[in-house]
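In what follows, a structure is listed as structure tokens, so that the remarks can point back to it.
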Amino acid sequence: ILMNPPYGGTESEGVKMNFPMEMRSSETADLFITVIMYRLKESGRAAVIIPDGFLFGTDNAKVAIKKKLLEEFNLHTIVRLPSSVFAPYTSITTNILFLDKSKPTGQVWYYRVDMPEGYKHFSKTKPMKVEHFDPCVAWWDARADIKDADTDTYKARAYTARELADRGYDLD
């Protein structure tokens with residue numbers, strides 16, 4: 001499954017009633033993740049673009065969805081995208097979740113795609129290009145921590161499912 005679900009919208013009670021009680025949310029992105037989890041076949045794979053709010057959200061539905069993602073799926077990678085990727089249509093910062101239905105999550109790798117040199121932001125006339133992912137693609141198979149010396153933050157790092165659960169399923 002490859003998907004960029006609609007986000008920022010809300011759904012009516014009639015739509016939410018079709019979802020398990022603990023995963024009922026009015027946010028469209030949350031409901032799409034839930035549908036993906038139910039539709040993904042054994043050994044199936046998914047890559048889903050999701051807004052930042054999903055990662056750090058603490059309402060009951062978001063926590064239940066993220067708990068299920070970690071316990072019943074292998075959420076192996078989260079690629080953090082630079083802001084303005086979808087400008088001018090939305091300014092919401094997004095991520096790509098990579099998961100499969102092979103085993104419970106052992107660890108989640110995070111990789112931050114930085115704004116390319118010479119860009120202040122993306123736009124319709126200056127969009128994100130495939131080659132902006134080249135450093136991420138080069139990192140993908142090797143999977144090593146990358147610390148940014150200038151900011152003392154990590155550009156790439158792994159966290160265990162236990163660490164994320166202990167954080168209240170805050171995936172940010």
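Here's how to read the names in the structure tokens: chain A, B, ... by the order shown, residue numbers from 1 in each chain, ligand numbers from 1 in the order shown.
Counting only C-alpha atoms, Ala165 of chain A has the following residues at most 12 Å away, ignoring those fewer than 4 positions along the same chain: Val63, Ala64, Lys66, Lys67, Lys68, Leu69, Leu70, Glu71, Thr105, Gly106, Gln107, Val108, Tyr159, Thr160, Ala161, Tyr169, Asp170 and Leu171 of chain A.
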Kindly export the residues of the current selection with N, CA and C atoms, as an mmCIF file, in the first residue's frame.
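The resulting file, part.cif, is reproduced below:
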data_model
loop_
_atom_site.group_PDB
_atom_site.id
_atom_site.type_symbol
_atom_site.label_atom_id
_atom_site.label_comp_id
_atom_site.auth_asym_id
_atom_site.auth_seq_id
_atom_site.Cartn_x
_atom_site.Cartn_y
_atom_site.Cartn_z
ATOM 1 N N VAL A 63 -3.257 7.206 20.441
ATOM 2 C CA VAL A 63 -2.427 6.310 21.252
ATOM 3 C C VAL A 63 -2.777 4.856 20.934
ATOM 4 N N ALA A 64 -4.055 4.538 20.816
ATOM 5 C CA ALA A 64 -4.473 3.157 20.497
ATOM 6 C C ALA A 64 -3.966 2.735 19.124
ATOM 7 N N LYS A 66 -1.284 3.963 17.486
ATOM 8 C CA LYS A 66 0.174 3.816 17.528
ATOM 9 C C LYS A 66 0.579 2.571 18.316
ATOM 10 N N LYS A 67 -0.144 2.253 19.362
ATOM 11 C CA LYS A 67 0.128 1.038 20.140
ATOM 12 C C LYS A 67 -0.049 -0.195 19.254
ATOM 13 N N LYS A 68 -1.137 -0.213 18.491
ATOM 14 C CA LYS A 68 -1.395 -1.329 17.581
ATOM 15 C C LYS A 68 -0.306 -1.407 16.509
ATOM 16 N N LEU A 69 0.109 -0.251 15.983
ATOM 17 C CA LEU A 69 1.177 -0.222 14.974
ATOM 18 C C LEU A 69 2.450 -0.882 15.501
ATOM 19 N N LEU A 70 2.803 -0.582 16.745
ATOM 20 C CA LEU A 70 4.040 -1.129 17.309
ATOM 21 C C LEU A 70 3.902 -2.592 17.726
ATOM 22 N N GLU A 71 2.741 -2.979 18.204
ATOM 23 C CA GLU A 71 2.565 -4.334 18.731
ATOM 24 C C GLU A 71 2.197 -5.375 17.678
ATOM 25 N N THR A 105 6.989 -4.637 16.055
ATOM 26 C CA THR A 105 8.102 -3.705 15.908
ATOM 27 C C THR A 105 9.163 -3.986 16.967
ATOM 28 N N GLY A 106 10.402 -4.106 16.517
ATOM 29 C CA GLY A 106 11.528 -4.244 17.439
ATOM 30 C C GLY A 106 12.121 -2.877 17.713
ATOM 31 N N GLN A 107 12.385 -2.153 16.627
ATOM 32 C CA GLN A 107 12.890 -0.793 16.737
ATOM 33 C C GLN A 107 12.392 0.018 15.550
ATOM 34 N N VAL A 108 12.332 1.322 15.749
ATOM 35 C CA VAL A 108 11.918 2.246 14.694
ATOM 36 C C VAL A 108 13.105 3.140 14.379
ATOM 37 N N TYR A 159 15.072 3.868 17.849
ATOM 38 C CA TYR A 159 14.509 3.745 19.198
ATOM 39 C C TYR A 159 13.786 2.410 19.258
ATOM 40 N N THR A 160 13.881 1.743 20.379
ATOM 41 C CA THR A 160 13.181 0.473 20.522
ATOM 42 C C THR A 160 11.692 0.735 20.723
ATOM 43 N N ALA A 161 10.902 -0.260 20.419
ATOM 44 C CA ALA A 161 9.455 -0.155 20.630
ATOM 45 C C ALA A 161 9.169 0.095 22.107
ATOM 46 N N TYR A 169 3.764 6.359 23.681
ATOM 47 C CA TYR A 169 3.563 6.213 22.230
ATOM 48 C C TYR A 169 3.699 7.538 21.489
ATOM 49 N N ASP A 170 4.504 8.437 22.050
ATOM 50 C CA ASP A 170 4.857 9.670 21.353
ATOM 51 C C ASP A 170 5.954 9.303 20.366
ATOM 52 N N LEU A 171 5.647 9.341 19.087
ATOM 53 C CA LEU A 171 6.594 8.937 18.050
ATOM 54 C C LEU A 171 7.361 10.121 17.469
#
Just asking: which residues within chain A are alpha helix (DSSP H) according to DSSP, as JSON, numbers by chain? {"A": [13, 14, 15, 16, 28, 29, 30, 31, 32, 33, 34, 35, 36, 37, 38, 39, 52, 53, 54, 55, 56, 60, 61, 62, 63, 64, 65, 66, 67, 68, 69, 70, 71, 72, 134, 135, 136, 137, 138, 139, 140, 141, 142, 161, 162, 163, 164, 165, 166]}
List as a compact mmCIF listing (two decimals) with N, CA and C atoms, in the first residue's frame the protein and nucleic acid residues near segment 26-37 of chain A, meaning an atom at most 9 Å away when only C-alpha atoms are counted, but skip any in the same chain fewer than 4 places from it.
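New file out.txt:
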# COMPACT_ATOMS: atom_id res chain seq x y z
N ILE A 1 0.86 -1.18 0.00
CA ILE A 1 0.00 0.00 0.00
C ILE A 1 0.90 1.23 0.00
N PRO A 5 -2.81 9.91 2.39
CA PRO A 5 -4.22 10.13 2.71
C PRO A 5 -4.51 11.60 2.96
N PRO A 6 -5.76 11.98 2.84
CA PRO A 6 -6.12 13.36 3.17
C PRO A 6 -5.92 13.57 4.67
N TYR A 7 -5.42 14.72 5.03
CA TYR A 7 -5.26 15.02 6.45
C TYR A 7 -5.67 16.45 6.71
N GLY A 8 -5.96 16.72 7.96
CA GLY A 8 -6.45 18.04 8.32
C GLY A 8 -7.97 18.11 8.28
N GLY A 9 -8.60 17.08 7.75
CA GLY A 9 -10.06 17.06 7.68
C GLY A 9 -10.66 16.32 8.87
N THR A 10 -11.96 16.35 8.95
CA THR A 10 -12.66 15.64 10.02
C THR A 10 -13.78 14.81 9.41
N GLU A 11 -14.12 13.74 10.10
CA GLU A 11 -15.18 12.85 9.65
C GLU A 11 -16.36 12.92 10.60
N SER A 12 -17.52 12.58 10.08
CA SER A 12 -18.75 12.63 10.86
C SER A 12 -18.87 11.40 11.76
N GLU A 13 -19.81 11.47 12.69
CA GLU A 13 -20.07 10.34 13.60
C GLU A 13 -20.46 9.10 12.81
N VAL A 15 -19.39 8.06 9.96
CA VAL A 15 -18.19 7.41 9.43
C VAL A 15 -17.42 6.75 10.57
N LYS A 16 -17.26 7.47 11.68
CA LYS A 16 -16.48 6.95 12.82
C LYS A 16 -17.08 5.66 13.39
N PHE A 19 -15.56 2.11 12.77
CA PHE A 19 -14.24 1.78 13.29
C PHE A 19 -14.36 1.26 14.72
N LYS A 41 -2.27 -7.25 4.17
CA LYS A 41 -2.20 -8.72 4.25
C LYS A 41 -0.92 -9.15 4.96
N ALA A 46 3.64 -1.25 3.57
CA ALA A 46 2.97 0.03 3.34
C ALA A 46 3.96 1.17 3.56
N VAL A 48 3.25 5.32 4.01
CA VAL A 48 2.14 6.25 4.17
C VAL A 48 2.67 7.62 4.60
N ILE A 50 2.07 10.95 6.46
CA ILE A 50 1.20 11.28 7.59
C ILE A 50 1.67 12.60 8.21
N PRO A 51 0.76 13.43 8.71
CA PRO A 51 1.17 14.70 9.31
C PRO A 51 1.86 14.50 10.67
N PHE A 54 0.06 13.31 13.97
CA PHE A 54 -0.15 11.90 14.28
C PHE A 54 0.96 11.38 15.18
N ALA A 61 -7.56 7.80 20.77
CA ALA A 61 -7.56 7.10 19.48
C ALA A 61 -6.15 7.04 18.90
N LYS A 62 -5.43 8.15 18.91
CA LYS A 62 -4.07 8.17 18.36
C LYS A 62 -3.17 7.21 19.13
N ILE A 65 -4.01 3.63 18.16
CA ILE A 65 -3.54 3.33 16.80
C ILE A 65 -2.03 3.09 16.82
N LYS A 68 -1.14 -0.21 18.49
CA LYS A 68 -1.39 -1.33 17.58
C LYS A 68 -0.31 -1.41 16.51
N LEU A 69 0.11 -0.25 15.98
CA LEU A 69 1.18 -0.22 14.97
C LEU A 69 2.45 -0.88 15.50
N GLU A 72 1.51 -4.95 16.62
CA GLU A 72 1.03 -5.92 15.63
C GLU A 72 1.65 -5.75 14.24
N PHE A 73 2.43 -4.71 14.06
CA PHE A 73 3.06 -4.43 12.78
C PHE A 73 4.52 -4.09 13.02
N LYS A 101 3.56 -6.08 7.73
CA LYS A 101 2.82 -6.98 8.61
C LYS A 101 3.57 -8.30 8.67
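Atom pair atom CA of Lys124 of chain A / atom CA of Phe98 of chain A has a distance of 26.3 Å (rounded to one decimal).
Taking atom CA of Asp150 of chain A as the reference point, atom CA of Tyr111 of chain A is found at 16.7 Å.
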Q. Can you list every residue in segment 12-150 of chain A that DSSP puts in strand (DSSP E or B), as a PyMOL selection string?
A. chain A and resi 27+45-51+74-80+94-100+107-112+146-148
